[in-house]
file query_20.cif (mmCIF, C-alpha atoms)
data_input
#
loop_
_atom_site.label_atom_id
_atom_site.label_comp_id
_atom_site.auth_asym_id
_atom_site.auth_seq_id
_atom_site.Cartn_x
_atom_site.Cartn_y
_atom_site.Cartn_z
CA MET A 1 80.87 121.89 -119.38
CA PRO A 2 78.72 124.31 -121.37
CA ASN A 3 75.44 125.34 -119.82
CA LEU A 4 72.40 124.35 -121.86
CA LYS A 5 70.20 127.09 -120.44
CA GLU A 6 72.77 129.72 -121.43
CA LEU A 7 73.33 128.14 -124.84
CA SER A 8 69.59 128.08 -125.54
CA LYS A 9 69.54 131.87 -125.31
CA LYS A 10 71.87 132.16 -128.29
CA PRO A 11 69.81 132.60 -131.44
CA ALA A 12 69.98 129.59 -133.76
CA ARG A 13 71.82 130.19 -137.02
CA LEU A 14 69.84 127.61 -138.96
CA THR A 15 66.05 127.92 -139.19
CA GLY A 16 63.34 125.32 -139.50
CA GLY A 17 61.67 124.93 -142.86
CA HIS A 18 64.68 123.33 -144.52
CA ARG A 19 63.84 120.23 -146.53
CA MET A 20 66.20 117.68 -144.94
CA CYS A 21 64.50 114.34 -144.19
CA ALA A 22 62.71 113.96 -140.86
CA GLY A 23 65.35 112.99 -138.31
CA CYS A 24 68.34 113.98 -140.44
CA GLY A 25 71.54 114.31 -138.44
CA ALA A 26 73.12 117.01 -140.62
CA PRO A 27 71.07 119.98 -139.31
CA MET A 28 71.84 118.79 -135.76
CA VAL A 29 75.53 118.98 -136.59
CA VAL A 30 75.16 122.40 -138.25
CA ASN A 31 73.27 123.69 -135.21
CA TRP A 32 75.98 122.63 -132.82
CA VAL A 33 78.90 123.77 -134.95
CA THR A 34 77.36 127.23 -135.46
CA LYS A 35 76.37 127.48 -131.79
CA ALA A 36 80.10 127.56 -131.06
CA LEU A 37 80.35 130.90 -132.89
CA LYS A 38 80.40 133.92 -130.60
CA GLU A 39 77.19 135.89 -130.87
CA GLY A 40 78.78 139.01 -132.35
CA ASP A 41 80.78 137.12 -134.97
CA LYS A 42 79.40 136.63 -138.42
CA ALA A 43 80.03 133.59 -140.53
CA VAL A 44 80.47 132.82 -144.18
CA ILE A 45 79.53 129.27 -144.97
CA ALA A 46 80.34 127.31 -148.10
CA ASN A 47 78.53 124.08 -148.72
CA ALA A 48 79.67 121.28 -150.98
CA THR A 49 76.95 119.61 -153.02
CA GLY A 50 75.13 117.07 -150.93
CA CYS A 51 71.95 116.57 -148.90
CA LEU A 52 72.63 119.56 -146.69
CA GLU A 53 73.36 121.83 -149.61
CA VAL A 54 70.37 120.99 -151.78
CA SER A 55 67.90 120.82 -148.88
CA SER A 56 68.85 123.84 -146.81
CA PHE A 57 68.84 126.24 -149.72
CA LEU A 58 65.95 125.66 -152.09
CA TYR A 59 65.47 128.78 -154.15
CA PRO A 60 63.97 131.16 -153.09
CA TYR A 61 64.40 129.94 -149.51
CA THR A 62 67.47 129.74 -147.34
CA ALA A 63 67.55 128.17 -143.89
CA TRP A 64 70.85 129.90 -143.11
CA LYS A 65 71.02 133.08 -141.05
CA ASP A 66 74.59 133.65 -142.20
CA SER A 67 76.07 134.29 -145.63
CA TRP A 68 76.02 131.05 -147.50
CA ILE A 69 77.66 130.09 -150.78
CA HIS A 70 76.67 127.18 -152.92
CA SER A 71 79.62 125.14 -154.13
CA ALA A 72 79.98 122.29 -156.54
CA PHE A 73 80.88 118.87 -155.16
CA GLU A 74 84.62 119.28 -155.55
CA ASN A 75 85.37 122.80 -154.38
CA ALA A 76 83.73 123.83 -151.10
CA ALA A 77 87.16 124.18 -149.48
CA ALA A 78 88.46 126.26 -152.41
CA THR A 79 85.36 128.48 -152.27
CA ILE A 80 85.69 129.23 -148.58
CA SER A 81 89.44 129.77 -148.83
CA GLY A 82 88.80 132.35 -151.58
CA ALA A 83 86.20 134.09 -149.44
CA GLU A 84 88.66 134.17 -146.57
CA ALA A 85 91.39 135.65 -148.78
CA ALA A 86 88.97 138.34 -150.00
CA TYR A 87 87.99 139.14 -146.42
CA ASN A 88 91.62 139.55 -145.42
CA ALA A 89 92.20 141.94 -148.31
CA MET A 90 89.09 143.98 -147.46
CA LYS A 91 90.04 144.06 -143.81
CA ARG A 92 93.52 145.29 -144.72
CA LYS A 93 92.04 148.08 -146.82
CA GLY A 94 89.64 149.03 -144.05
CA ARG A 95 86.53 148.17 -146.02
CA ILE A 96 85.11 145.78 -143.47
CA ASP A 97 84.92 146.07 -139.70
CA GLU A 98 83.08 143.02 -138.44
CA THR A 99 84.72 139.74 -137.55
CA TYR A 100 83.86 136.94 -139.91
CA LYS A 101 84.53 133.26 -139.49
CA PHE A 102 84.80 130.88 -142.41
CA ILE A 103 83.24 127.44 -142.32
CA ALA A 104 82.75 124.85 -145.03
CA PHE A 105 80.33 121.96 -144.73
CA GLY A 106 80.55 118.87 -146.88
CA GLY A 107 79.19 115.36 -146.74
CA ASP A 108 81.47 112.36 -147.02
CA GLY A 109 81.02 112.21 -150.80
CA GLY A 110 82.05 115.83 -151.21
CA THR A 111 84.90 115.47 -148.74
CA TYR A 112 86.38 111.95 -148.78
CA ASP A 113 85.98 111.51 -152.52
CA ILE A 114 85.23 114.38 -154.85
CA GLY A 115 86.41 117.34 -152.78
CA LEU A 116 89.60 115.79 -151.42
CA GLN A 117 91.96 117.68 -153.73
CA SER A 118 90.56 121.15 -153.01
CA LEU A 119 90.32 120.32 -149.32
CA SER A 120 93.95 119.25 -149.22
CA GLY A 121 94.96 122.41 -151.11
CA ALA A 122 93.04 124.77 -148.84
CA MET A 123 94.41 123.08 -145.74
CA GLU A 124 97.98 123.23 -147.03
CA ARG A 125 97.64 126.97 -147.79
CA GLY A 126 96.64 127.46 -144.18
CA HIS A 127 93.60 129.72 -144.57
CA ASP A 128 91.86 130.68 -141.34
CA MET A 129 88.90 128.37 -141.81
CA VAL A 130 87.17 125.23 -140.57
CA TYR A 131 86.08 122.41 -142.80
CA VAL A 132 83.35 120.27 -141.28
CA CYS A 133 82.69 116.91 -142.85
CA TYR A 134 79.35 115.41 -141.80
CA ASP A 135 80.08 111.79 -142.53
CA ASN A 136 77.00 109.61 -142.96
CA GLY A 137 78.85 106.99 -144.91
CA ALA A 138 77.43 107.14 -148.45
CA TYR A 139 76.05 109.42 -151.14
CA MET A 140 72.67 109.65 -149.44
CA ASN A 141 71.40 112.57 -151.50
CA THR A 142 71.34 110.67 -154.78
CA GLY A 143 70.02 107.45 -153.29
CA ILE A 144 72.64 105.75 -151.12
CA GLN A 145 75.63 105.03 -153.35
CA ARG A 146 78.86 103.82 -151.76
CA SER A 147 81.60 106.33 -151.00
CA SER A 148 85.08 105.79 -149.64
CA ALA A 149 83.57 106.49 -146.20
CA THR A 150 81.09 103.62 -146.47
CA PRO A 151 81.92 100.89 -143.96
CA PHE A 152 82.91 97.39 -145.02
CA GLY A 153 79.91 95.16 -145.64
CA ALA A 154 77.35 97.95 -145.92
CA ASP A 155 74.51 97.40 -148.35
CA THR A 156 74.25 100.38 -150.71
CA THR A 157 72.77 100.69 -154.19
CA THR A 158 76.23 100.49 -155.80
CA SER A 159 77.52 97.83 -153.40
CA PRO A 160 74.37 95.74 -153.01
CA ALA A 161 74.43 92.79 -150.67
CA GLY A 162 73.53 89.68 -152.64
CA LYS A 163 74.25 85.98 -152.78
CA VAL A 164 77.73 86.43 -154.26
CA VAL A 165 78.98 89.74 -152.85
CA PRO A 166 78.00 90.70 -149.30
CA GLY A 167 77.93 94.50 -149.57
CA LYS A 168 80.89 96.85 -149.83
CA GLN A 169 84.19 95.00 -150.11
CA GLN A 170 86.58 97.68 -148.89
CA PHE A 171 87.21 99.18 -145.48
CA ARG A 172 86.54 102.87 -145.12
CA LYS A 173 89.20 105.44 -145.74
CA ASP A 174 90.45 107.17 -142.61
CA LEU A 175 90.10 110.81 -143.59
CA THR A 176 90.80 112.20 -140.12
CA GLN A 177 94.25 110.61 -140.31
CA ILE A 178 94.80 112.06 -143.78
CA MET A 179 93.95 115.51 -142.45
CA ALA A 180 96.18 114.97 -139.41
CA ALA A 181 98.99 114.21 -141.85
CA HIS A 182 98.61 117.78 -143.15
CA ASN A 183 100.02 118.92 -139.78
CA LEU A 184 97.17 121.34 -139.14
CA PRO A 185 96.69 123.35 -135.95
CA TYR A 186 93.55 121.39 -135.10
CA VAL A 187 91.98 118.20 -136.44
CA ALA A 188 89.26 116.32 -134.57
CA GLN A 189 86.90 113.42 -134.96
CA THR A 190 83.56 113.65 -133.21
CA VAL A 191 79.86 112.74 -133.37
CA ALA A 192 76.46 114.41 -133.43
CA PRO A 193 75.38 115.27 -129.84
CA VAL A 194 74.11 112.25 -127.90
CA PRO A 195 72.30 113.36 -124.71
CA GLY A 196 73.17 111.50 -121.54
CA THR A 197 76.72 110.64 -122.58
CA LYS A 198 80.07 112.16 -121.69
CA TYR A 199 80.45 113.24 -125.30
CA MET A 200 77.21 115.18 -125.57
CA PHE A 201 79.15 118.45 -125.88
CA ASP A 202 82.06 116.93 -127.76
CA LEU A 203 80.96 118.46 -131.06
CA TYR A 204 80.36 121.85 -129.45
CA ASN A 205 83.70 121.91 -127.65
CA LYS A 206 85.63 120.76 -130.68
CA SER A 207 83.82 123.23 -132.93
CA GLU A 208 84.69 126.08 -130.60
CA LYS A 209 88.32 124.99 -130.63
CA ALA A 210 88.35 124.59 -134.41
CA ILE A 211 86.66 127.93 -135.12
CA TYR A 212 88.78 129.95 -132.70
CA THR A 213 92.13 128.30 -133.39
CA LYS A 214 93.86 130.30 -136.10
CA GLY A 215 94.60 128.35 -139.23
CA ALA A 216 93.00 125.68 -141.37
CA ASN A 217 91.20 123.20 -139.13
CA PHE A 218 89.18 120.11 -139.79
CA LEU A 219 86.32 118.31 -138.07
CA ASN A 220 85.03 114.90 -139.05
CA VAL A 221 81.57 114.31 -137.57
CA LEU A 222 79.74 110.98 -137.68
CA THR A 223 76.18 111.92 -138.57
CA PRO A 224 73.18 109.60 -138.59
CA CYS A 225 71.17 109.04 -141.77
CA PRO A 226 67.94 107.15 -141.04
CA ARG A 227 67.27 106.46 -144.74
CA GLY A 228 70.73 105.26 -145.68
CA TRP A 229 71.46 103.33 -142.52
CA ARG A 230 68.04 101.70 -142.60
CA ILE A 231 67.13 102.70 -139.06
CA GLU A 232 64.16 104.31 -137.33
CA ALA A 233 64.87 108.03 -137.04
CA ALA A 234 63.97 108.03 -133.36
CA THR A 235 66.74 105.49 -132.57
CA GLU A 236 69.47 107.20 -134.56
CA LEU A 237 71.40 108.54 -131.58
CA ASP A 238 71.59 105.05 -130.06
CA VAL A 239 73.37 104.01 -133.24
CA ILE A 240 75.82 106.89 -132.89
CA LYS A 241 76.42 105.86 -129.29
CA ALA A 242 77.13 102.30 -130.42
CA ALA A 243 79.67 103.59 -132.96
CA VAL A 244 81.59 105.30 -130.17
CA GLU A 245 81.25 102.52 -127.58
CA THR A 246 82.45 99.84 -130.01
CA CYS A 247 85.42 102.05 -130.95
CA TRP A 248 84.30 101.96 -134.55
CA TRP A 249 84.31 105.76 -134.46
CA PRO A 250 86.75 106.87 -131.76
CA LEU A 251 86.61 110.44 -130.46
CA TYR A 252 89.97 112.14 -130.58
CA GLU A 253 91.72 115.33 -131.53
CA VAL A 254 95.10 116.22 -132.96
CA GLU A 255 96.43 119.58 -131.86
CA ASN A 256 99.63 120.65 -133.60
CA GLY A 257 100.50 117.01 -134.22
CA LYS A 258 99.73 115.89 -130.68
CA TYR A 259 97.10 113.16 -130.49
CA LYS A 260 94.64 113.10 -127.63
CA LEU A 261 91.83 110.65 -127.02
CA THR A 262 88.81 112.65 -125.87
CA TYR A 263 86.69 109.70 -124.82
CA LYS A 264 87.74 106.17 -123.88
CA PRO A 265 84.87 103.72 -123.37
CA ALA A 266 85.05 101.95 -119.99
CA GLU A 267 84.44 98.70 -121.82
CA LYS A 268 84.95 98.25 -125.54
CA LYS A 269 81.76 96.67 -126.91
CA PRO A 270 81.84 94.04 -129.69
CA ILE A 271 81.26 95.40 -133.18
CA THR A 272 77.97 93.49 -133.49
CA GLU A 273 76.48 96.10 -131.12
CA TRP A 274 76.94 98.65 -133.92
CA LEU A 275 76.08 96.33 -136.80
CA LYS A 276 72.86 94.87 -135.38
CA LEU A 277 71.13 98.23 -135.09
CA GLN A 278 71.25 98.96 -138.80
CA GLY A 279 69.40 97.48 -141.74
CA ARG A 280 72.34 98.07 -144.06
CA PHE A 281 74.33 95.41 -142.15
CA LYS A 282 71.43 92.96 -141.72
CA HIS A 283 72.96 90.35 -144.06
CA LEU A 284 76.22 90.26 -142.06
CA LEU A 285 74.49 88.82 -139.03
CA LYS A 286 72.94 85.89 -140.90
CA PRO A 287 74.39 82.41 -140.30
CA GLY A 288 77.37 81.73 -142.54
CA ASN A 289 78.65 85.30 -142.44
CA GLU A 290 80.44 85.05 -139.09
CA HIS A 291 83.80 85.32 -140.83
CA LEU A 292 82.84 88.77 -142.18
CA VAL A 293 81.95 90.05 -138.71
CA GLU A 294 85.28 88.66 -137.45
CA LYS A 295 87.06 90.45 -140.27
CA ILE A 296 85.37 93.76 -139.35
CA GLN A 297 86.16 93.24 -135.67
CA ALA A 298 89.82 92.57 -136.48
CA GLU A 299 90.05 95.77 -138.52
CA VAL A 300 88.32 97.85 -135.82
CA ASP A 301 90.72 96.40 -133.22
CA ARG A 302 93.75 97.10 -135.41
CA ARG A 303 92.76 100.75 -135.97
CA TRP A 304 91.83 101.25 -132.32
CA GLU A 305 95.15 99.82 -131.09
CA ARG A 306 97.04 102.06 -133.48
CA LEU A 307 95.08 105.09 -132.27
CA LEU A 308 95.80 104.19 -128.64
CA GLU A 309 99.47 104.12 -129.53
CA LEU A 310 99.29 107.49 -131.29
CA CYS A 311 97.47 109.01 -128.33
CA GLY A 312 100.09 107.69 -125.92
CA GLU A 313 97.38 105.71 -124.11
CA LYS A 314 99.55 102.58 -124.09
CA GLU A 315 102.30 104.36 -122.18
CA ILE A 316 99.74 105.75 -119.74
CA ALA A 317 98.36 102.23 -119.20
CA LYS A 318 101.90 100.86 -118.70
CA ALA A 319 102.70 103.59 -116.21
CA GLU A 320 99.48 102.80 -114.33
CA VAL A 321 100.38 99.11 -114.16
CA ALA A 322 103.90 99.96 -113.01
CA ALA A 323 102.53 102.30 -110.36
CA SER A 324 100.10 99.71 -109.04
CA ASN A 325 102.91 97.09 -108.85
CA LYS A 326 105.06 99.29 -106.63
CA MET B 327 54.57 135.19 -144.72
CA ILE B 328 55.82 135.44 -141.17
CA LYS B 329 57.44 138.84 -141.46
CA GLU B 330 58.25 141.54 -143.95
CA ARG B 331 60.91 140.44 -146.35
CA LYS B 332 63.33 142.49 -148.41
CA VAL B 333 62.52 140.64 -151.60
CA ASN B 334 59.68 138.17 -151.77
CA ILE B 335 60.47 136.05 -154.77
CA THR B 336 57.32 134.59 -156.27
CA PRO B 337 56.82 132.29 -159.27
CA ASP B 338 55.21 135.02 -161.39
CA MET B 339 58.20 137.36 -161.18
CA THR B 340 60.26 137.98 -164.29
CA TRP B 341 64.04 137.90 -164.36
CA ARG B 342 64.16 141.72 -164.34
CA GLU B 343 62.60 141.78 -160.88
CA LEU B 344 64.93 139.18 -159.39
CA THR B 345 68.05 140.02 -157.41
CA PRO B 346 71.33 140.11 -159.36
CA GLY B 347 72.95 136.70 -159.37
CA GLY B 348 69.85 135.15 -157.87
CA VAL B 349 71.08 136.10 -154.41
CA ILE B 350 68.62 135.51 -151.60
CA GLN B 351 68.75 138.62 -149.44
CA ASP B 352 66.50 137.41 -146.66
CA ALA B 353 68.71 135.20 -144.53
CA GLY B 354 66.70 132.47 -142.84
CA ASN B 355 63.54 132.96 -144.90
CA ALA B 356 63.05 129.17 -144.99
CA GLU B 357 60.99 129.60 -141.84
CA ASP B 358 58.25 130.91 -144.12
CA PHE B 359 58.14 127.42 -145.64
CA LYS B 360 56.04 125.01 -143.62
CA THR B 361 57.30 121.45 -143.32
CA GLY B 362 54.82 120.53 -140.61
CA ASP B 363 52.55 118.76 -143.10
CA TRP B 364 55.22 116.06 -143.56
CA ARG B 365 54.33 114.59 -140.17
CA SER B 366 52.79 111.17 -139.81
CA MET B 367 53.61 111.06 -136.11
CA ARG B 368 53.40 113.97 -133.69
CA PRO B 369 55.28 114.79 -130.49
CA VAL B 370 52.97 116.04 -127.75
CA TRP B 371 54.35 118.03 -124.85
CA ASN B 372 53.06 117.38 -121.32
CA THR B 373 53.80 120.65 -119.57
CA GLU B 374 53.40 119.31 -116.04
CA LYS B 375 55.92 116.45 -116.49
CA CYS B 376 58.56 118.62 -118.20
CA LYS B 377 61.70 119.31 -116.17
CA HIS B 378 63.08 121.73 -118.78
CA CYS B 379 66.29 119.74 -119.21
CA LEU B 380 66.25 120.86 -122.87
CA LEU B 381 67.63 117.56 -124.20
CA CYS B 382 64.86 117.56 -126.81
CA TRP B 383 66.03 120.99 -127.90
CA VAL B 384 69.61 119.68 -128.19
CA VAL B 385 68.69 117.06 -130.77
CA CYS B 386 65.84 118.60 -132.78
CA PRO B 387 66.99 118.76 -136.41
CA ASP B 388 64.30 121.28 -137.30
CA ASN B 389 64.75 123.74 -134.44
CA SER B 390 61.14 123.09 -133.55
CA ILE B 391 61.47 122.97 -129.77
CA LYS B 392 60.60 126.46 -128.65
CA VAL B 393 62.71 127.67 -125.73
CA GLU B 394 62.52 131.01 -123.99
CA ASP B 395 64.76 132.10 -121.16
CA GLY B 396 66.12 128.59 -120.66
CA LYS B 397 62.67 126.96 -120.46
CA MET B 398 60.73 124.99 -123.01
CA THR B 399 57.61 126.82 -124.12
CA GLY B 400 56.20 124.52 -126.79
CA ILE B 401 56.64 122.79 -130.12
CA ASP B 402 56.71 124.56 -133.46
CA TYR B 403 54.25 122.41 -135.41
CA ASP B 404 54.75 124.54 -138.51
CA HIS B 405 58.20 123.01 -138.98
CA CYS B 406 58.29 119.81 -136.88
CA LYS B 407 58.51 116.81 -139.21
CA GLY B 408 57.64 114.29 -136.50
CA CYS B 409 60.93 112.36 -136.62
CA GLY B 410 60.62 111.36 -132.95
CA VAL B 411 64.25 112.00 -132.04
CA CYS B 412 63.17 114.38 -129.25
CA THR B 413 60.61 111.96 -127.82
CA ALA B 414 63.27 109.23 -127.64
CA GLN B 415 65.49 111.53 -125.55
CA CYS B 416 62.86 112.53 -122.98
CA LYS B 417 63.50 110.74 -119.68
CA PHE B 418 60.49 112.22 -117.89
CA GLY B 419 57.65 111.11 -120.13
CA ALA B 420 56.99 114.71 -121.02
CA LEU B 421 56.95 114.03 -124.75
CA ASP B 422 54.39 111.60 -126.15
CA TYR B 423 54.71 110.33 -129.69
CA VAL B 424 51.29 109.80 -131.24
CA PRO B 425 49.96 109.21 -134.77
CA GLU B 426 48.94 112.33 -136.63
CA GLU B 427 45.17 112.56 -137.20
#

call {"tool": "encode", "arguments": {"input": "query_20.cif", "output": "structure tokens"}}
result
Amino acid sequence: MPNLKELSKKPARLTGGHRMCAGCGAPMVVNWVTKALKEGDKAVIANATGCLEVSSFLYPYTAWKDSWIHSAFENAAATISGAEAAYNAMKRKGRIDETYKFIAFGGDGGTYDIGLQSLSGAMERGHDMVYVCYDNGAYMNTGIQRSSATPFGADTTTSPAGKVVPGKQQFRKDLTQIMAAHNLPYVAQTVAPVPGTKYMFDLYNKSEKAIYTKGANFLNVLTPCPRGWRIEAATELDVIKAAVETCWWPLYEVENGKYKLTYKPAEKKPITEWLKLQGRFKHLLKPGNEHLVEKIQAEVDRRWERLLELCGEKEIAKAEVAASNK
Amino acid sequence: MIKERKVNITPDMTWRELTPGGVIQDAGNAEDFKTGDWRSMRPVWNTEKCKHCLLCWVVCPDNSIKVEDGKMTGIDYDHCKGCGVCTAQCKFGALDYVPEE
């Protein structure tokens, strides 16, 4: 386990004074991804349009200690792959000595929806880079519009919960699986750091693996958004914890096609534990909407069971039962 | 300004004085921008109760928990936005969360 006291001596690569909302999860994620960089290594960071992009770099201020490139919504992955190609050429010609690492950050809008084509392209070309998606489940920057990462039933401004339609009508797209299907060296799903849990360093560990595994790697990080989720900022990490404990957002990694569950809750909590904490799901818990909660639970169960199968957890469980019967 | 900058871009500058391509040469100069006046609530650090577990530092989105040599030394009120995430993590009652005056 990483040592906090040692880690705190590493200089932060993101400064205060950025204009993200109070309690935003994105700078937390950036802090912990960039902490995984070795101190001597430099980074080039591309940022897809989104909250993080517009709020961390307001001309003439930048909150980034590393080189940072603004990208449009659809091409953060293309931008960083170009920078990486240029670096390789310069390195070959002896025009650059330092080690650089290439990281792209995008929100779920810029990754799941608008940037999916350039992301898929960059991943397929196999650049030595990491794409980090901080998934907060909607286009929060422009005022909480639904994205393909928005969970079923969530109340957003373009999927409002009313008398006729109870919020978003589709289940979220599973981007981590799409990236795993690219057969990359390293793909992982993780969360912002939640102190006091076994997965507090999950983001750090996975970032380190992603940054220092050669090839195009991908991280999908569930990130709290107090405004969009309709929660008190101070409670946001409890909500993240609930997402993991209900298996709504399982923590796993795929290394060269091999699935591995990185955290298995001792007891899988009912999905209402995750829904009840957030204002965007308030309508689902009203009388008469029980069938919607059941529908969500069924989908969470289905995806969780499938993941257990992929991770070989079912065989492990069978072997354990067989061993205990002997 | 906190420290000397390579190029201090000010509103009265003309385009001739700006950097080519609008590049910002001073990495991390956002720390010159104070976001502390956003606060409506304020975290207050009780030195004597603090066990220096640094969990507040882990979660602070604004890098406003000051740590030196593995120990907390204070709160950067210039940048703290008063979100309360750190106070919710403190198990020792070392961080109070009080209304801003």

call {"tool": "resolve_selection", "arguments": {"input": "query_20.cif", "expression": "the PyMOL selection byres ((chain A) within 10 of (chain B))", "output": "NGL selection string"}}
result
:A and (3-9 or 12-32 or 56-69 or 192-196 or 200-201 or 226 or 232-238)

call {"tool": "atom_distance", "arguments": {"input": "query_20.cif", "atom1": "atom CA of Ile211 of chain A", "atom2": "atom CA of Val132 of chain A"}}
result
10.4 Å

call {"tool": "closest_residue", "arguments": {"input": "query_20.cif", "among": "A:Glu84, A:Glu253, A:Asp301, A:Asp97", "to": "Lys269 of chain A", "atoms": "only C-alpha atoms"}}
result
A:Asp301

call {"tool": "residues_around", "arguments": {"input": "query_20.cif", "residues": "Leu275 of chain A", "least_positions_apart": "5", "cutoff": "10 Å", "atoms": "only C-alpha atoms", "output": "short mmCIF file (atom, residue, chain, number, x, y, z; two decimals) with C-alpha atoms, in the coordinates of the input"}}
result
data_model
loop_
_atom_site.label_atom_id
_atom_site.label_comp_id
_atom_site.auth_asym_id
_atom_site.auth_seq_id
_atom_site.Cartn_x
_atom_site.Cartn_y
_atom_site.Cartn_z
CA GLY A 153 79.91 95.16 -145.64
CA ALA A 154 77.35 97.95 -145.92
CA VAL A 239 73.37 104.01 -133.24
CA ALA A 242 77.13 102.30 -130.42
CA ALA A 243 79.67 103.59 -132.96
CA THR A 246 82.45 99.84 -130.01
CA PRO A 270 81.84 94.04 -129.69
CA ARG A 280 72.34 98.07 -144.06
CA PHE A 281 74.33 95.41 -142.15
CA LYS A 282 71.43 92.96 -141.72
CA HIS A 283 72.96 90.35 -144.06
CA LEU A 284 76.22 90.26 -142.06
CA LEU A 285 74.49 88.82 -139.03
CA VAL A 293 81.95 90.05 -138.71
CA ILE A 296 85.37 93.76 -139.35
#

call {"tool": "resolve_selection", "arguments": {"input": "query_20.cif", "expression": "the PyMOL selection byres ((chain A and resi 177) around 10)", "output": "list in words"}}
result
Lys173, Asp174, Leu175, Thr176, Ile178, Met179, Ala180, Ala181, His182, Val187, Ala188, Gln189, Val254 and Leu307 of chain A

call {"tool": "residues_near_point", "arguments": {"input": "query_20.cif", "point": "(79.9, 98.8, -124.5)", "cutoff": "12 Å", "atoms": "all atoms listed in the file", "output": "VMD selection string"}}
result
chain A and resid 238 241 to 248 264 to 274

call {"tool": "resolve_selection", "arguments": {"input": "query_20.cif", "expression": "the PyMOL selection byres ((chain A and resi 214) around 12)", "output": "ChimeraX atom specification"}}
result
/A:101-102,126-130,184-186,208-213,215-218,255-256

call {"tool": "residues_around", "arguments": {"input": "query_20.cif", "residues": "Leu251 of chain A", "least_positions_apart": "4", "cutoff": "6 Å", "atoms": "all atoms listed in the file", "output": "list in words"}}
result
Gln189, Thr190, Thr262 and Tyr263 of chain A

call {"tool": "residues_near_point", "arguments": {"input": "query_20.cif", "point": "(57.2, 113.5, -126.2)", "cutoff": "7 Å", "atoms": "all atoms listed in the file", "output": "ChimeraX atom specification"}}
result
/B:369-371,412-413,416,419-423

call {"tool": "residues_around", "arguments": {"input": "query_20.cif", "residues": "segment 111-122 of chain A", "least_positions_apart": "4", "cutoff": "6 Å", "atoms": "only C-alpha atoms", "output": "number ranges by chain"}}
result
A: 74-75, 77-78, 106

call {"tool": "residues_around", "arguments": {"input": "query_20.cif", "residues": "Gly110 of chain A", "least_positions_apart": "6", "cutoff": "7 Å", "atoms": "only C-alpha atoms", "output": "list in words"}}
result
Ala48, Thr49, Phe73 and Glu74 of chain A

call {"tool": "atom_distance", "arguments": {"input": "query_20.cif", "atom1": "atom CA of Gly94 of chain A", "atom2": "atom CA of Ile80 of chain A"}}
result
20.7 Å

call {"tool": "atom_distance", "arguments": {"input": "query_20.cif", "atom1": "atom CA of Lys42 of chain A", "atom2": "atom CA of Asp108 of chain A"}}
result
25.8 Å

call {"tool": "closest_residue", "arguments": {"input": "query_20.cif", "among": "B:Cys376, B:Met367, B:Met339, B:Leu344", "to": "Phe418 of chain B", "atoms": "only C-alpha atoms"}}
result
B:Cys376

call {"tool": "closest_residue", "arguments": {"input": "query_20.cif", "among": "A:Arg230, A:Arg306, A:Lys260, A:Lys326", "to": "Met140 of chain A", "atoms": "all atoms listed in the file"}}
result
A:Arg230

call {"tool": "decode", "arguments": {"input": "query_20.cif", "residues": "segment 369-379 of chain B", "atoms": "N, CA and C atoms", "output": "JSON list (two decimals), in the first residue's frame"}}
result
[["chain", "number", "residue", "atom", "x", "y", "z"],
["B", 369, "PRO", "N", -13.66, 25.48, 6.91],
["B", 369, "PRO", "CA", -13.09, 24.44, 7.76],
["B", 369, "PRO", "C", -12.10, 25.07, 8.74],
["B", 370, "VAL", "N", -12.17, 24.67, 10.00],
["B", 370, "VAL", "CA", -11.24, 25.21, 10.99],
["B", 370, "VAL", "C", -10.46, 24.07, 11.60],
["B", 371, "TRP", "N", -9.16, 24.21, 11.60],
["B", 371, "TRP", "CA", -8.26, 23.13, 12.02],
["B", 371, "TRP", "C", -7.94, 23.26, 13.50],
["B", 372, "ASN", "N", -8.19, 22.17, 14.27],
["B", 372, "ASN", "CA", -7.82, 22.15, 15.68],
["B", 372, "ASN", "C", -6.50, 21.39, 15.80],
["B", 373, "THR", "N", -5.43, 22.14, 15.94],
["B", 373, "THR", "CA", -4.09, 21.55, 15.92],
["B", 373, "THR", "C", -3.94, 20.41, 16.92],
["B", 374, "GLU", "N", -4.49, 20.62, 18.14],
["B", 374, "GLU", "CA", -4.20, 19.65, 19.20],
["B", 374, "GLU", "C", -4.91, 18.32, 18.97],
["B", 375, "LYS", "N", -6.05, 18.33, 18.23],
["B", 375, "LYS", "CA", -6.76, 17.06, 17.99],
["B", 375, "LYS", "C", -6.21, 16.32, 16.77],
["B", 376, "CYS", "N", -5.47, 17.00, 15.93],
["B", 376, "CYS", "CA", -5.03, 16.43, 14.64],
["B", 376, "CYS", "C", -4.01, 15.31, 14.85],
["B", 377, "LYS", "N", -4.28, 14.17, 14.16],
["B", 377, "LYS", "CA", -3.36, 13.03, 14.25],
["B", 377, "LYS", "C", -2.50, 12.94, 12.99],
["B", 378, "HIS", "N", -2.61, 13.91, 12.12],
["B", 378, "HIS", "CA", -1.83, 13.97, 10.88],
["B", 378, "HIS", "C", -1.99, 12.71, 10.03],
["B", 379, "CYS", "N", -3.23, 12.21, 9.94],
["B", 379, "CYS", "CA", -3.49, 11.04, 9.10],
["B", 379, "CYS", "C", -3.54, 11.43, 7.63]]
